[in-house]
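Q: Contents of coords.cif (mmCIF, C-alpha atoms) are below:
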```cif
data_work
loop_
_atom_site.label_atom_id
_atom_site.label_comp_id
_atom_site.auth_asym_id
_atom_site.auth_seq_id
_atom_site.Cartn_x
_atom_site.Cartn_y
_atom_site.Cartn_z
CA MET Y 96 41.84 -52.53 -133.34
CA ALA Y 97 41.59 -52.32 -129.56
CA GLY Y 98 45.12 -50.97 -129.43
CA LYS Y 99 44.42 -48.35 -132.07
CA LEU Y 100 41.08 -47.09 -130.82
CA GLY Y 101 40.84 -47.99 -127.16
CA LEU Y 102 37.09 -47.88 -127.71
CA THR Y 103 36.31 -51.37 -128.99
CA ASP Y 104 34.53 -52.64 -125.91
CA ARG Y 105 32.28 -49.59 -125.87
CA ILE Y 106 31.43 -49.44 -129.57
CA PHE Y 107 30.96 -53.17 -130.11
CA ALA Y 108 29.31 -54.14 -126.84
CA GLY Y 109 26.64 -56.81 -126.71
CA PRO Y 110 26.26 -60.24 -128.30
CA ARG Y 111 24.90 -59.10 -131.66
CA SER Y 112 27.94 -56.89 -132.19
CA ARG Y 113 30.44 -59.77 -132.15
CA ARG Y 114 30.03 -60.70 -135.81
CA LEU Y 115 30.08 -57.01 -136.71
CA LEU Y 116 33.32 -56.53 -134.81
CA LYS Y 117 34.95 -59.42 -136.67
CA GLU Y 118 33.94 -57.91 -140.02
CA VAL Y 119 35.31 -54.49 -139.11
CA GLU Y 120 38.58 -55.94 -137.77
CA LYS Y 121 39.09 -57.96 -140.95
CA GLY Y 122 38.34 -54.86 -142.98
CA LEU Y 123 40.86 -52.79 -141.01
CA GLU Y 124 43.53 -55.36 -141.80
CA ARG Y 125 42.74 -54.95 -145.50
CA VAL Y 126 42.82 -51.15 -145.19
CA ASP Y 127 46.22 -51.28 -143.48
CA GLU Y 128 47.53 -53.59 -146.21
CA THR Y 129 46.27 -51.12 -148.82
CA LEU Y 130 47.83 -48.17 -147.01
CA ASP Y 131 51.13 -50.00 -146.72
CA LEU Y 132 51.11 -50.67 -150.45
CA GLU Y 133 50.00 -47.18 -151.49
CA LEU Y 134 52.62 -45.52 -149.28
CA ARG Y 135 55.59 -47.23 -150.89
CA VAL Y 136 57.68 -44.93 -153.09
CA THR Y 137 60.88 -45.83 -154.95
CA ASP Y 138 62.67 -42.64 -153.88
CA ALA Y 139 64.21 -43.29 -150.45
CA VAL Y 140 63.69 -39.80 -149.02
CA VAL Y 141 60.10 -39.57 -150.23
CA ASP Y 142 59.33 -43.09 -149.04
CA ALA Y 143 60.53 -42.21 -145.55
CA SER Y 144 58.57 -38.99 -145.33
CA VAL Y 145 55.25 -40.29 -146.68
CA ARG Y 146 55.33 -43.31 -144.36
CA TYR Y 147 56.44 -41.33 -141.31
CA LEU Y 148 53.13 -40.43 -139.65
CA TYR Y 149 51.44 -43.60 -140.89
CA GLU Y 150 54.03 -45.71 -139.09
CA ALA Y 151 53.78 -43.51 -135.98
CA GLY Y 152 50.33 -44.96 -135.34
CA GLY Y 153 46.93 -43.30 -135.31
CA LYS Y 154 43.39 -44.31 -134.45
CA ARG Y 155 42.21 -45.25 -138.01
CA LEU Y 156 38.95 -43.70 -136.88
CA ARG Y 157 37.75 -42.84 -140.38
CA PRO Y 158 38.43 -46.26 -141.95
CA MET Y 159 36.71 -47.93 -139.01
CA LEU Y 160 33.63 -45.79 -139.53
CA ALA Y 161 33.51 -46.51 -143.27
CA LEU Y 162 33.80 -50.23 -142.60
CA LEU Y 163 31.05 -50.01 -140.02
CA THR Y 164 28.55 -48.19 -142.25
CA ALA Y 165 29.41 -50.56 -145.11
CA GLN Y 166 27.56 -53.24 -143.17
CA LEU Y 167 24.35 -51.37 -144.07
CA GLY Y 168 24.99 -52.57 -147.63
CA GLU Y 169 26.95 -55.47 -149.10
CA GLY Y 170 29.68 -55.27 -146.47
CA THR Y 171 33.43 -54.83 -146.92
CA THR Y 172 33.82 -54.60 -150.67
CA GLN Y 173 37.12 -53.70 -152.30
CA GLY Y 174 35.63 -50.30 -153.05
CA VAL Y 175 34.96 -49.69 -149.38
CA VAL Y 176 38.50 -50.71 -148.46
CA GLU Y 177 40.08 -48.41 -151.06
CA ALA Y 178 37.80 -45.47 -150.26
CA ALA Y 179 38.61 -45.88 -146.55
CA ALA Y 180 42.33 -45.92 -147.39
CA ALA Y 181 41.98 -42.81 -149.58
CA LEU Y 182 40.21 -40.87 -146.85
CA GLU Y 183 42.83 -41.92 -144.31
CA LEU Y 184 45.56 -40.69 -146.68
CA THR Y 185 43.69 -37.40 -146.98
CA HIS Y 186 43.62 -37.15 -143.19
CA LEU Y 187 47.34 -37.96 -143.00
CA GLY Y 188 48.17 -35.31 -145.60
CA SER Y 189 46.27 -32.70 -143.62
CA LEU Y 190 48.33 -33.52 -140.52
CA TYR Y 191 51.60 -32.72 -142.30
CA HIS Y 192 50.21 -29.33 -143.34
CA ASP Y 193 48.57 -28.59 -139.98
CA ASP Y 194 51.80 -29.18 -138.09
CA VAL Y 195 53.69 -26.77 -140.34
CA MET Y 196 51.03 -24.08 -139.97
CA ASP Y 197 50.76 -24.56 -136.20
CA ALA Y 198 54.53 -24.99 -135.70
CA ALA Y 199 53.74 -28.16 -133.72
CA ASP Y 200 56.76 -29.95 -132.29
CA LYS Y 201 55.21 -33.41 -131.97
CA ARG Y 202 52.58 -35.57 -133.60
CA ARG Y 203 51.54 -39.06 -132.50
CA GLY Y 204 54.29 -39.10 -129.93
CA VAL Y 205 57.13 -38.44 -132.39
CA PRO Y 206 58.75 -35.24 -133.71
CA SER Y 207 56.51 -33.67 -136.34
CA ALA Y 208 57.59 -34.16 -139.96
CA HIS Y 209 58.74 -30.57 -140.43
CA GLU Y 210 61.01 -30.96 -137.41
CA VAL Y 211 62.68 -33.89 -139.18
CA TRP Y 212 62.80 -32.74 -142.82
CA GLY Y 213 61.87 -29.06 -142.72
CA ASN Y 214 58.74 -27.20 -143.81
CA ASN Y 215 59.17 -27.63 -147.55
CA VAL Y 216 59.44 -31.41 -147.47
CA ALA Y 217 56.58 -31.69 -144.98
CA ILE Y 218 54.28 -29.59 -147.18
CA LEU Y 219 55.22 -31.49 -150.32
CA THR Y 220 54.68 -34.79 -148.50
CA GLY Y 221 51.17 -33.71 -147.61
CA ASP Y 222 50.60 -32.80 -151.25
CA LEU Y 223 51.79 -36.25 -152.34
CA LEU Y 224 49.37 -37.93 -149.95
CA PHE Y 225 46.48 -35.83 -151.27
CA SER Y 226 47.38 -36.76 -154.85
CA ARG Y 227 47.63 -40.46 -153.99
CA ALA Y 228 44.21 -40.31 -152.32
CA SER Y 229 42.76 -38.75 -155.47
CA GLN Y 230 44.35 -41.46 -157.63
CA ILE Y 231 42.70 -44.15 -155.53
CA MET Y 232 39.28 -42.50 -155.68
CA ALA Y 233 39.61 -42.02 -159.45
CA ARG Y 234 39.50 -45.82 -159.83
CA HIS Y 235 35.91 -45.80 -158.63
CA GLY Y 236 34.21 -43.35 -160.92
CA GLU Y 237 32.72 -39.89 -160.94
CA LYS Y 238 30.85 -40.13 -157.63
CA ALA Y 239 34.03 -41.12 -155.81
CA ILE Y 240 35.98 -38.28 -157.45
CA GLN Y 241 33.24 -35.81 -156.49
CA LEU Y 242 33.21 -37.04 -152.88
CA GLN Y 243 36.96 -36.63 -152.62
CA ALA Y 244 36.98 -33.21 -154.29
CA ASP Y 245 34.12 -31.84 -152.17
CA THR Y 246 35.70 -33.14 -148.96
CA PHE Y 247 39.12 -31.73 -149.84
CA GLU Y 248 37.60 -28.35 -150.64
CA ARG Y 249 35.93 -28.22 -147.23
CA LEU Y 250 39.17 -29.22 -145.50
CA VAL Y 251 41.01 -26.37 -147.18
CA LEU Y 252 38.25 -23.85 -146.51
CA GLY Y 253 38.17 -24.89 -142.86
CA GLN Y 254 41.92 -24.42 -142.54
CA MET Y 255 41.75 -21.08 -144.35
CA HIS Y 256 38.97 -19.80 -142.11
CA GLU Y 257 40.87 -20.95 -139.03
CA THR Y 258 43.95 -19.12 -140.29
CA VAL Y 259 42.14 -15.87 -141.12
CA GLY Y 260 39.94 -15.95 -138.02
CA PRO Y 261 36.49 -14.44 -137.44
CA GLN Y 262 35.74 -11.10 -139.01
CA GLU Y 263 33.87 -8.15 -137.54
CA GLY Y 264 30.34 -9.21 -136.70
CA ASP Y 265 31.16 -12.94 -136.53
CA ASP Y 266 30.41 -14.78 -133.30
CA PRO Y 267 33.75 -16.45 -132.41
CA VAL Y 268 32.13 -19.62 -131.04
CA ASP Y 269 29.79 -20.11 -134.02
CA TYR Y 270 32.66 -19.33 -136.37
CA TYR Y 271 34.87 -21.93 -134.68
CA LEU Y 272 32.14 -24.58 -134.85
CA LYS Y 273 31.92 -23.98 -138.61
CA VAL Y 274 35.70 -24.40 -138.85
CA LEU Y 275 35.43 -27.72 -137.01
CA SER Y 276 32.58 -28.84 -139.26
CA ASP Y 277 34.79 -28.23 -142.30
CA LYS Y 278 38.19 -29.34 -140.96
CA THR Y 279 37.14 -32.40 -138.98
CA GLY Y 280 33.46 -33.10 -139.52
CA SER Y 281 33.63 -33.17 -143.32
CA LEU Y 282 36.19 -35.98 -143.45
CA ILE Y 283 34.40 -38.12 -140.87
CA ALA Y 284 31.12 -37.48 -142.72
CA ALA Y 285 32.79 -38.58 -145.97
CA ALA Y 286 33.95 -41.78 -144.32
CA ALA Y 287 30.47 -42.58 -143.02
CA GLN Y 288 28.94 -41.83 -146.42
CA ALA Y 289 31.63 -43.78 -148.31
CA GLY Y 290 30.79 -46.95 -146.42
CA VAL Y 291 27.24 -46.79 -147.74
CA ILE Y 292 28.19 -45.71 -151.28
CA PHE Y 293 30.88 -48.31 -151.94
CA SER Y 294 28.97 -51.19 -150.36
CA ASN Y 295 26.02 -50.39 -152.65
CA GLY Y 296 23.92 -49.59 -149.60
CA PRO Y 297 20.52 -47.87 -149.73
CA GLU Y 298 20.83 -44.33 -151.07
CA GLU Y 299 18.35 -43.08 -148.49
CA PHE Y 300 20.94 -43.75 -145.78
CA GLU Y 301 23.61 -41.54 -147.34
CA GLN Y 302 22.40 -38.17 -146.10
CA ALA Y 303 21.80 -39.55 -142.62
CA MET Y 304 25.40 -40.72 -142.56
CA VAL Y 305 26.64 -37.31 -143.72
CA VAL Y 306 24.81 -35.56 -140.88
CA PHE Y 307 25.85 -38.22 -138.39
CA GLY Y 308 29.52 -38.09 -139.39
CA GLU Y 309 29.75 -34.32 -139.37
CA LYS Y 310 28.18 -33.94 -135.95
CA ALA Y 311 30.21 -36.81 -134.49
CA GLY Y 312 33.32 -35.20 -136.00
CA VAL Y 313 32.65 -31.89 -134.31
CA ALA Y 314 32.07 -33.70 -131.00
CA PHE Y 315 35.37 -35.52 -131.51
CA GLN Y 316 37.28 -32.28 -132.10
CA LEU Y 317 35.65 -30.49 -129.17
CA LEU Y 318 36.84 -33.25 -126.89
CA ASP Y 319 40.27 -33.04 -128.51
CA ASP Y 320 40.34 -29.38 -127.47
CA VAL Y 321 39.87 -30.53 -123.89
CA ILE Y 322 42.44 -33.32 -124.24
CA ASP Y 323 44.90 -30.75 -125.67
CA LEU Y 324 44.96 -29.22 -122.19
CA SER Y 325 45.85 -32.52 -120.58
CA ALA Y 326 48.81 -32.42 -118.23
CA ASP Y 327 49.83 -35.84 -119.58
CA ALA Y 328 51.64 -35.59 -122.92
CA GLY Y 329 51.27 -39.36 -123.27
CA GLU Y 330 47.53 -38.92 -123.70
CA THR Y 331 47.85 -36.60 -126.68
CA GLY Y 332 51.21 -37.38 -128.26
CA LYS Y 333 51.84 -33.63 -128.16
CA VAL Y 334 53.07 -31.07 -125.65
CA PRO Y 335 50.07 -30.04 -123.50
CA GLY Y 336 48.44 -26.89 -124.85
CA THR Y 337 50.23 -27.13 -128.21
CA ASP Y 338 47.42 -25.39 -130.08
CA LEU Y 339 47.04 -22.46 -127.69
CA ARG Y 340 50.80 -21.96 -127.35
CA ALA Y 341 50.86 -21.57 -131.14
CA GLY Y 342 48.09 -18.98 -130.98
CA VAL Y 343 45.43 -21.36 -132.35
CA PRO Y 344 42.14 -20.76 -130.50
CA THR Y 345 40.34 -23.74 -129.01
CA MET Y 346 36.84 -23.97 -127.60
CA PRO Y 347 37.82 -23.73 -123.90
CA TYR Y 348 39.69 -20.50 -124.67
CA LEU Y 349 36.80 -19.09 -126.71
CA LEU Y 350 34.26 -19.90 -124.01
CA LEU Y 351 36.62 -18.40 -121.43
CA GLY Y 352 36.58 -15.20 -123.48
CA GLN Y 353 32.79 -14.99 -123.12
CA ARG Y 354 33.04 -14.94 -119.32
CA THR Y 355 32.96 -11.49 -117.75
CA ASP Y 356 33.98 -12.26 -114.15
CA ALA Y 357 37.31 -10.79 -113.03
CA ALA Y 358 39.11 -14.12 -112.74
CA SER Y 359 38.14 -15.18 -116.27
CA VAL Y 360 39.08 -11.83 -117.78
CA SER Y 361 42.44 -11.96 -115.99
CA LEU Y 362 43.12 -15.50 -117.21
CA THR Y 363 42.25 -14.55 -120.79
CA ARG Y 364 44.71 -11.66 -120.60
CA SER Y 365 47.42 -13.95 -119.20
CA ILE Y 366 46.97 -16.41 -122.04
CA ASP Y 367 46.93 -13.67 -124.68
CA ASP Y 368 50.06 -12.12 -123.22
CA GLY Y 369 51.82 -15.47 -123.12
CA VAL Y 370 50.92 -16.26 -126.73
CA ALA Y 371 52.24 -12.87 -127.85
CA ARG Y 372 55.49 -13.34 -125.94
CA ILE Y 373 55.97 -16.85 -127.34
CA ALA Y 374 55.49 -15.43 -130.85
CA ASP Y 375 58.32 -13.02 -130.04
CA GLY Y 376 60.61 -15.87 -129.04
CA ALA Y 377 59.85 -16.48 -125.35
CA ASP Y 378 60.00 -19.96 -123.84
CA PRO Y 379 56.62 -21.69 -124.44
CA THR Y 380 56.64 -22.92 -120.83
CA ILE Y 381 55.57 -19.43 -119.71
CA LEU Y 382 52.02 -20.59 -120.45
CA ASP Y 383 52.20 -23.66 -118.20
CA GLY Y 384 50.50 -21.88 -115.30
CA PRO Y 385 47.67 -20.20 -117.25
CA LEU Y 386 46.94 -23.40 -119.17
CA ALA Y 387 46.73 -25.35 -115.93
CA GLN Y 388 44.18 -22.79 -114.72
CA LEU Y 389 42.20 -23.11 -117.94
CA ARG Y 390 42.23 -26.90 -117.56
CA GLU Y 391 40.32 -26.52 -114.27
CA HIS Y 392 38.09 -23.63 -115.42
CA GLU Y 393 34.33 -23.93 -115.94
CA ALA Y 394 34.86 -23.08 -119.64
CA THR Y 395 36.56 -26.44 -120.11
CA GLN Y 396 33.62 -28.22 -118.49
CA ALA Y 397 31.31 -26.25 -120.80
CA THR Y 398 33.33 -27.55 -123.77
CA LEU Y 399 32.72 -31.10 -122.60
CA ALA Y 400 29.00 -30.37 -122.34
CA LEU Y 401 29.05 -28.97 -125.88
CA ALA Y 402 30.79 -32.10 -127.17
CA ASN Y 403 28.06 -34.22 -125.62
CA ALA Y 404 25.37 -32.04 -127.21
CA TRP Y 405 26.86 -32.55 -130.69
CA SER Y 406 27.15 -36.26 -129.94
CA ALA Y 407 23.43 -36.37 -129.08
CA GLU Y 408 22.58 -34.66 -132.38
CA ALA Y 409 24.67 -37.24 -134.24
CA ILE Y 410 22.66 -40.00 -132.60
CA GLU Y 411 19.39 -38.30 -133.60
CA ALA Y 412 20.55 -38.42 -137.24
CA LEU Y 413 20.51 -42.23 -137.10
CA ALA Y 414 16.69 -42.30 -137.00
CA PRO Y 415 16.29 -43.51 -140.65
CA LEU Y 416 18.48 -46.58 -140.02
CA PRO Y 417 16.91 -49.93 -139.11
CA ASP Y 418 17.28 -51.25 -135.62
CA GLY Y 419 20.25 -53.58 -135.39
CA ALA Y 420 23.91 -54.04 -134.59
CA VAL Y 421 25.11 -51.29 -136.97
CA ARG Y 422 22.83 -48.64 -135.54
CA GLU Y 423 23.78 -49.70 -132.01
CA ALA Y 424 27.49 -49.48 -132.81
CA LEU Y 425 27.09 -46.07 -134.47
CA THR Y 426 25.23 -44.82 -131.41
CA ARG Y 427 28.06 -46.00 -129.18
CA PHE Y 428 30.58 -44.49 -131.59
CA ALA Y 429 28.95 -41.06 -131.24
CA LYS Y 430 28.95 -41.36 -127.46
CA ALA Y 431 32.55 -42.60 -127.36
CA VAL Y 432 34.08 -39.81 -129.47
CA ALA Y 433 32.69 -37.28 -126.97
CA ASP Y 434 33.93 -39.23 -123.96
CA ARG Y 435 37.22 -41.09 -124.39
CA SER Y 436 37.81 -41.46 -120.66
CA SER Y 437 37.41 -45.23 -120.67
#
```
Hey, can you dump this file as C-alpha cells for me?

A:
Amino acid sequence: MAGKLGLTDRIFAGPRSRRLLKEVEKGLERVDETLDLELRVTDAVVDASVRYLYEAGGKRLRPMLALLTAQLGEGTTQGVVEAAAALELTHLGSLYHDDVMDAADKRRGVPSAHEVWGNNVAILTGDLLFSRASQIMARHGEKAIQLQADTFERLVLGQMHETVGPQEGDDPVDYYLKVLSDKTGSLIAAAAQAGVIFSNGPEEFEQAMVVFGEKAGVAFQLLDDVIDLSADAGETGKVPGTDLRAGVPTMPYLLLGQRTDAASVSLTRSIDDGVARIADGADPTILDGPLAQLREHEATQATLALANAWSAEAIEALAPLPDGAVREALTRFAKAVADRSS
C-alpha cells in the first residue's frame, strides 16, 4: 500500500490507526486478487489490452477509500471488496477513453493504450471494463446497480461537458468545478458510499460519505492540475503539461485567464497560440516555455489554495461520524489528496 499511495504514514498516523491500517491492507490484497481474476479474458489480444493499465500500476485510491469507510460498518465484507473492484474497473475504463479524447501519449509511465493498439481498441477496451464493472455490481442487487448507473452517468456527463466547454453566460471556473465534481468527485464519492453500503453500515452515514468523497475528489483533481505542470515527468507518468498541450483547460490556466495584468494576459495569449499551433501539427515542445511560466505564476498557487479549501469542506462533511480511527484517517485522507508533497 505504501508503494501505491505514498500517503500511508500520513493517513494512518497514530497508535489507534495501526489495526485500521492492517484491515485496509488486507482488504487491498483481496481487491487486487479480485481485479486480477476479473481482468482475465480468453482472447489473447483482449486480455493484453484490458490488463494493460491495471498492470502499469495506479494508486488504488478508490478501493482504499471504500475499505476505509467499510470500517464504519461490519468491515471488509465480500460485497465491499467486489464493489471496490467494480469502481476501480470503472475508473480504469475511463482512463482508456480519456487518453483517446485527450490524445495523451503516456499514462502511468507507459505509452497510452491507443498508442499501442490504436483508438478503436482502446475505446472498446474501456467499454469492456465498464461492462465488467456492471456485471460485478449486478451480483449485489438493485442498490448496487443504481449506484453504478448513477456514477457512470455522471462520469459521462462530466466528460461531455468538458468536451463541449462552457457556453455563453457560464463562469469558466464554476463550470470547470462542476466538471471535476462529475468526472472525478462522483467516483470517489461512490467509493466512500460503497464502503458504508456493502458493510451494512449506518444509513445515516451514507450522505456524509457522498459529500466527503465528492469534495475530496475535486481537491484531488485540482492538485492534479498543479502536478500536471510539474517539470518532472516521473511525478506524473505523463509529459508535463499534457492536458494543456492537448487544449484541455486546467484550473491554473482558467485562473490565469481571470487576471488582467499585462504579464498574465500575454502568457494566456502565448498558451492559446501554442495550443492552436500544436493542433495544426506543430511540435508540442513549443509550449515548454509558457508552461514553465505558468508553473511559477500566482494562478498556480491560487489553484493550490482552492484545493485546500475543497479539502476543508470535505473534512466538515465528516461531522456526523463518531470520533475514532476511521474519522481521523478520513480527515488525513482529505488533507493528503490536496497536498501530496510528502

Q: Could you tell me how far atom CA of Y:Thr171 lies from atom CA of Y:Ser189, in Å and to one decimal?

A: 25.8 Å

Q: Using all atoms listed in the file, pick whichever of Y:Glu423, Y:Asp418, Y:Glu183, Y:Glu298 has the shortest atom-to-atom distance to Y:Leu123.

A: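 Of Y:Glu423, Y:Asp418, Y:Glu183, Y:Glu298, the one nearest Y:Leu123 is Y:Glu183, counting all atoms listed in the file.
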
Q: Restricting the calculation to all atoms listed in the file: of Y:Arg114, Y:Leu242, Y:Ser365, Y:Trp212, which residue gets closest to Y:Val140?

A: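 Between Y:Arg114, Y:Leu242, Y:Ser365, Y:Trp212, the residue approaching Y:Val140 most closely is Y:Trp212.
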
Q: Applied to the shown file, which residues does the PyMOL selection byres ((chain Y and resi 144) around 10) return, written as a CSV table (one decimal) with C-alpha atoms, in the frame of the given file?

A:
```csv
chain,number,residue,atom,x,y,z
Y,134,LEU,CA,52.6,-45.5,-149.3
Y,136,VAL,CA,57.7,-44.9,-153.1
Y,139,ALA,CA,64.2,-43.3,-150.4
Y,140,VAL,CA,63.7,-39.8,-149.0
Y,141,VAL,CA,60.1,-39.6,-150.2
Y,142,ASP,CA,59.3,-43.1,-149.0
Y,143,ALA,CA,60.5,-42.2,-145.6
Y,145,VAL,CA,55.2,-40.3,-146.7
Y,146,ARG,CA,55.3,-43.3,-144.4
Y,147,TYR,CA,56.4,-41.3,-141.3
Y,148,LEU,CA,53.1,-40.4,-139.6
Y,149,TYR,CA,51.4,-43.6,-140.9
Y,191,TYR,CA,51.6,-32.7,-142.3
Y,208,ALA,CA,57.6,-34.2,-140.0
Y,209,HIS,CA,58.7,-30.6,-140.4
Y,211,VAL,CA,62.7,-33.9,-139.2
Y,212,TRP,CA,62.8,-32.7,-142.8
Y,216,VAL,CA,59.4,-31.4,-147.5
Y,217,ALA,CA,56.6,-31.7,-145.0
Y,219,LEU,CA,55.2,-31.5,-150.3
Y,220,THR,CA,54.7,-34.8,-148.5
Y,221,GLY,CA,51.2,-33.7,-147.6
```

Q: Using all atoms listed in the file, find the one residue out of Y:Ala433, Y:Ala108, Y:Ala178, Y:Ala151 that sits nearest to Y:Arg125.

A: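 Of all the options, Y:Ala178 lies closest to Y:Arg125.
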
Q: What's the separation between atom CA of Y:Ile283 and atom CA of Y:Gly308, in Å to one decimal place?

A: 5.1 Å

Q: Once you count only C-alpha atoms, what closest atom pair and distance in Å to one decimal does each residue of stretch 163-229 of chain Y within 12 Å of stretch 272-281 of chain Y have, with rows by chain and rising residue number, as CSV?

A:
```
residue,atom,partner,partner_atom,distance
Y:Leu182,CA,Y:Ser281,CA,10.7
Y:Thr185,CA,Y:Lys278,CA,11.5
Y:His186,CA,Y:Thr279,CA,9.1
Y:Ser189,CA,Y:Lys278,CA,9.1
Y:Leu190,CA,Y:Lys278,CA,11.0
Y:Asp193,CA,Y:Lys278,CA,10.5
```

Q: Neighbourhood query: residues within 10 Å of (41.9, -43.3, -148.7), file coordinates, counting only C-alpha atoms; return as a list in words.

A: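 All residues meeting the 10 Å criterion around (41.9, -43.3, -148.7) are Val126, Thr129, Leu130, Glu133, Arg157, Pro158, Val175, Val176, Glu177, Ala178, Ala179, Ala180, Ala181, Leu182, Glu183, Leu184, Thr185, His186, Leu187, Leu224, Phe225, Arg227, Ala228, Ser229, Gln230, Ile231, Met232, Gln243 and Ala286 of chain Y.
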
Q: Determine, counting only C-alpha atoms, which protein, DNA and RNA residues have an atom within 10 Å of an atom of Y:Leu349; residues of the same chain fewer than 4 positions away are not included. Present the result as a PyMOL selection string.

A: chain Y and resi 267-268+271+344-345+353-354+363+394-395+398

Q: Using the chain letters and numbers from the file, which residues does the PyMOL selection byres ((chain Y and resi 397) around 12) grab, as a list in words?

A: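 That expression, the PyMOL selection byres ((chain Y and resi 397) around 12), corresponds here to Leu317, Leu318, Asp320, Val321, Met346, Pro347, Tyr348, Leu349, Leu350, Leu351, Gln353, Arg354, Leu389, Arg390, Glu391, His392, Glu393, Ala394, Thr395, Gln396, Thr398, Leu399, Ala400, Leu401, Ala402, Asn403 and Ala404 of chain Y.
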
Q: Ranking Y:Asn214, Y:Glu411, Y:Pro297, Y:Asp245 by minimum distance to Y:Ala199 and counting all atoms listed in the file, which one comes first?

A: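 Closest to Y:Ala199, using all atoms listed in the file: Y:Asn214.
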
Q: Would you work out the distance separating atom CA of Y:Phe247 from atom CA of Y:His192, expressed in Å to one decimal?

A: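 Interatomic distance, atom CA of Y:Phe247 to atom CA of Y:His192: 13.1 Å.
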
Q: Starting from the PyMOL selection byres ((chain Y and resi 380) around 12), expand the selection into actual residues of this file and give them as a PDB file with C-alpha atoms, keeping the file's coordinate frame.

A:
```
ATOM      1  CA  VAL Y 334      53.070 -31.070-125.650  1.00  0.00           C
ATOM      2  CA  PRO Y 335      50.070 -30.040-123.500  1.00  0.00           C
ATOM      3  CA  GLY Y 336      48.440 -26.890-124.850  1.00  0.00           C
ATOM      4  CA  THR Y 337      50.230 -27.130-128.210  1.00  0.00           C
ATOM      5  CA  LEU Y 339      47.040 -22.460-127.690  1.00  0.00           C
ATOM      6  CA  ARG Y 340      50.800 -21.960-127.350  1.00  0.00           C
ATOM      7  CA  ALA Y 341      50.860 -21.570-131.140  1.00  0.00           C
ATOM      8  CA  ILE Y 366      46.970 -16.410-122.040  1.00  0.00           C
ATOM      9  CA  GLY Y 369      51.820 -15.470-123.120  1.00  0.00           C
ATOM     10  CA  VAL Y 370      50.920 -16.260-126.730  1.00  0.00           C
ATOM     11  CA  ARG Y 372      55.490 -13.340-125.940  1.00  0.00           C
ATOM     12  CA  ILE Y 373      55.970 -16.850-127.340  1.00  0.00           C
ATOM     13  CA  GLY Y 376      60.610 -15.870-129.040  1.00  0.00           C
ATOM     14  CA  ALA Y 377      59.850 -16.480-125.350  1.00  0.00           C
ATOM     15  CA  ASP Y 378      60.000 -19.960-123.840  1.00  0.00           C
ATOM     16  CA  PRO Y 379      56.620 -21.690-124.440  1.00  0.00           C
ATOM     17  CA  ILE Y 381      55.570 -19.430-119.710  1.00  0.00           C
ATOM     18  CA  LEU Y 382      52.020 -20.590-120.450  1.00  0.00           C
ATOM     19  CA  ASP Y 383      52.200 -23.660-118.200  1.00  0.00           C
ATOM     20  CA  GLY Y 384      50.500 -21.880-115.300  1.00  0.00           C
ATOM     21  CA  PRO Y 385      47.670 -20.200-117.250  1.00  0.00           C
ATOM     22  CA  LEU Y 386      46.940 -23.400-119.170  1.00  0.00           C
ATOM     23  CA  ALA Y 387      46.730 -25.350-115.930  1.00  0.00           C
TER      24      ALA Y 387
END
```

Q: Pick out the closest residue to Y:Pro417 from this set: Y:Val119, Y:Ala429, Y:Arg234, Y:Leu167. Count all atoms listed in the file.

A: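 Closest candidate: Y:Leu167.
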
Q: Which residue out of Y:Asp138, Y:Glu299, Y:Glu124, Y:Glu150 has the minimum interatomic distance to Y:Gly204 when only C-alpha atoms are used?

A: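 When distances to Y:Gly204 are compared using only C-alpha atoms, the smallest one comes from Y:Glu150.
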